[in-house]
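Participant: Can you read through this structure? Questions will come right after.
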Amino acid sequence: METPGQVEPPRAMGRLGPMFAAIWLAFLLDPVRAAWTDLPAAHAWLGLVATLVFAATYLALWIAVRTDRARLVQVPPLRTRLVWMAALSGLAAVMVAALGQVGTASVVYLAVTVVMLFPVAVFVPVVAALAVAVLVTGVALPGWEHSPWLAFSIIAASLAVFGVRSMMNRNLELIRAHETNAELAAEQVRNRLARDLHDILGHSLTVITIKAELAGRLFDADPERARAELTDLERLSRDALADVRRAVEGYRDLTLPGEIARARTALAAAQIDAALPNSTDEVPSEARELFAWAVREAVTNVVRHSGARHCEVRLSPHAVEVRDDGRGVPAGATHGSGLTGLQERATALGATLVTRSLDPGWSVAVVLR
């Protein structure tokens, strides 16, 4: 299972990856063949064992680096890198001492290891030094042959691994950027949910508390009024609970307090002064969703098209009105799809959509019949 901060590689690549790395160990067959030919000499046994351990160590390093990349770790700690280099360098030295020039095949793997583990400023001079050393020893040491192809192999393998490393680093950066964006998006959702819940519950709970205290005081003095307060208290509680459920369900349904809160944010972002109601408690339950749609559509039009500097939302038990001081709607213009949809919703619930020009500005209202 994929967890944050870890990218799960494809399963096929996970199984075959070490096999692909092991293929490149074929270049160590020459040292193995040379050691096998000289058996049972002690130096041959030493060279054979050193070559096999070198191959196993290099493969283990490759798997460790690959695992770190899957965990979004570009390079292991410096101490770990130095241990890897010391182990491979020591084994390579034993191979050369025991087997002679044929053991220098390990130098290609040393160069690749330096490229995998260290930055450009480190591996460039090291790779160059290894290539030069191979050329010099091929000429200077008795019995050794000039080996330009080995030097070329060192440079070519290092460039190839550097290209792969650069590509993998870019992929890691993209993955980190994706994870960062996902975290920011989740944080925005949490902040928005917290803000909407605050707007939904803050005033409602205050009113509920006040009405509960009032009903308690009127219980003996005025039972009928106390009963009315308790009825209203039950309605307010149900409305607040419904609004919270819709908000937590992911904003699939509109809530009137939530739309008032979003209108405040949208108008502030558009630098439009807003006058918004502090409470939606007086709106009956059956009209809340319709009024929420009215606020959403009207405020959206104010932000997008009006050029207004001031916007006001007026709420009553029977109507909601959004008015602004912008340019209004040109003569002869028709309603957009948003207001057409709002009119259909209003008609279905027995309400009326009323639009009118102001001086200056425009008004959109939904009135219950």
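Identifiers in the structure tokens: chain A, B, ... in order shown; residue index from 1 per chain; ligand index from 1 in order shown.
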If we count only C-alpha atoms, what is near Arg314 (chain A) at a cut-off of 9 Å, once residues fewer than 4 positions away on the same chain are taken out, given as a list in words?
Facilitator: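 Final neighbour list, sorted by chain and number: Ala275, Leu276, Pro277, Ala319, Val320, Glu321, Val322 and Arg323 of chain A.
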Participant: Between CA of Pro31 (chain A) and CA of His146 (chain A), what is the distance, to one decimal in Å?
Facilitator: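 Spanning CA of Pro31 (chain A) to CA of His146 (chain A) is a straight-line distance of 17.5 Å.
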Participant: Considering only C-alpha atoms, state which residue in the set A:Ile210, A:Val161, A:Val96, A:Val120 is at the smallest distance from Val134 (chain A).
Facilitator: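 That would be A:Val96, the residue with the smallest distance to Val134 (chain A).
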Participant: Taking only C-alpha atoms into account, which of A:His318, A:Arg170, A:Lys211, A:Arg81 comes nearest Glu229 (chain A)?
Facilitator: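 Closest residue, counting only C-alpha atoms: A:Lys211.
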Participant: If I take CA of Gly47 (chain A) and CA of Ala98 (chain A), how far is one from the other in Å, to one decimal?
Facilitator: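 Rounded to one decimal, the two atoms are 5.1 Å apart.
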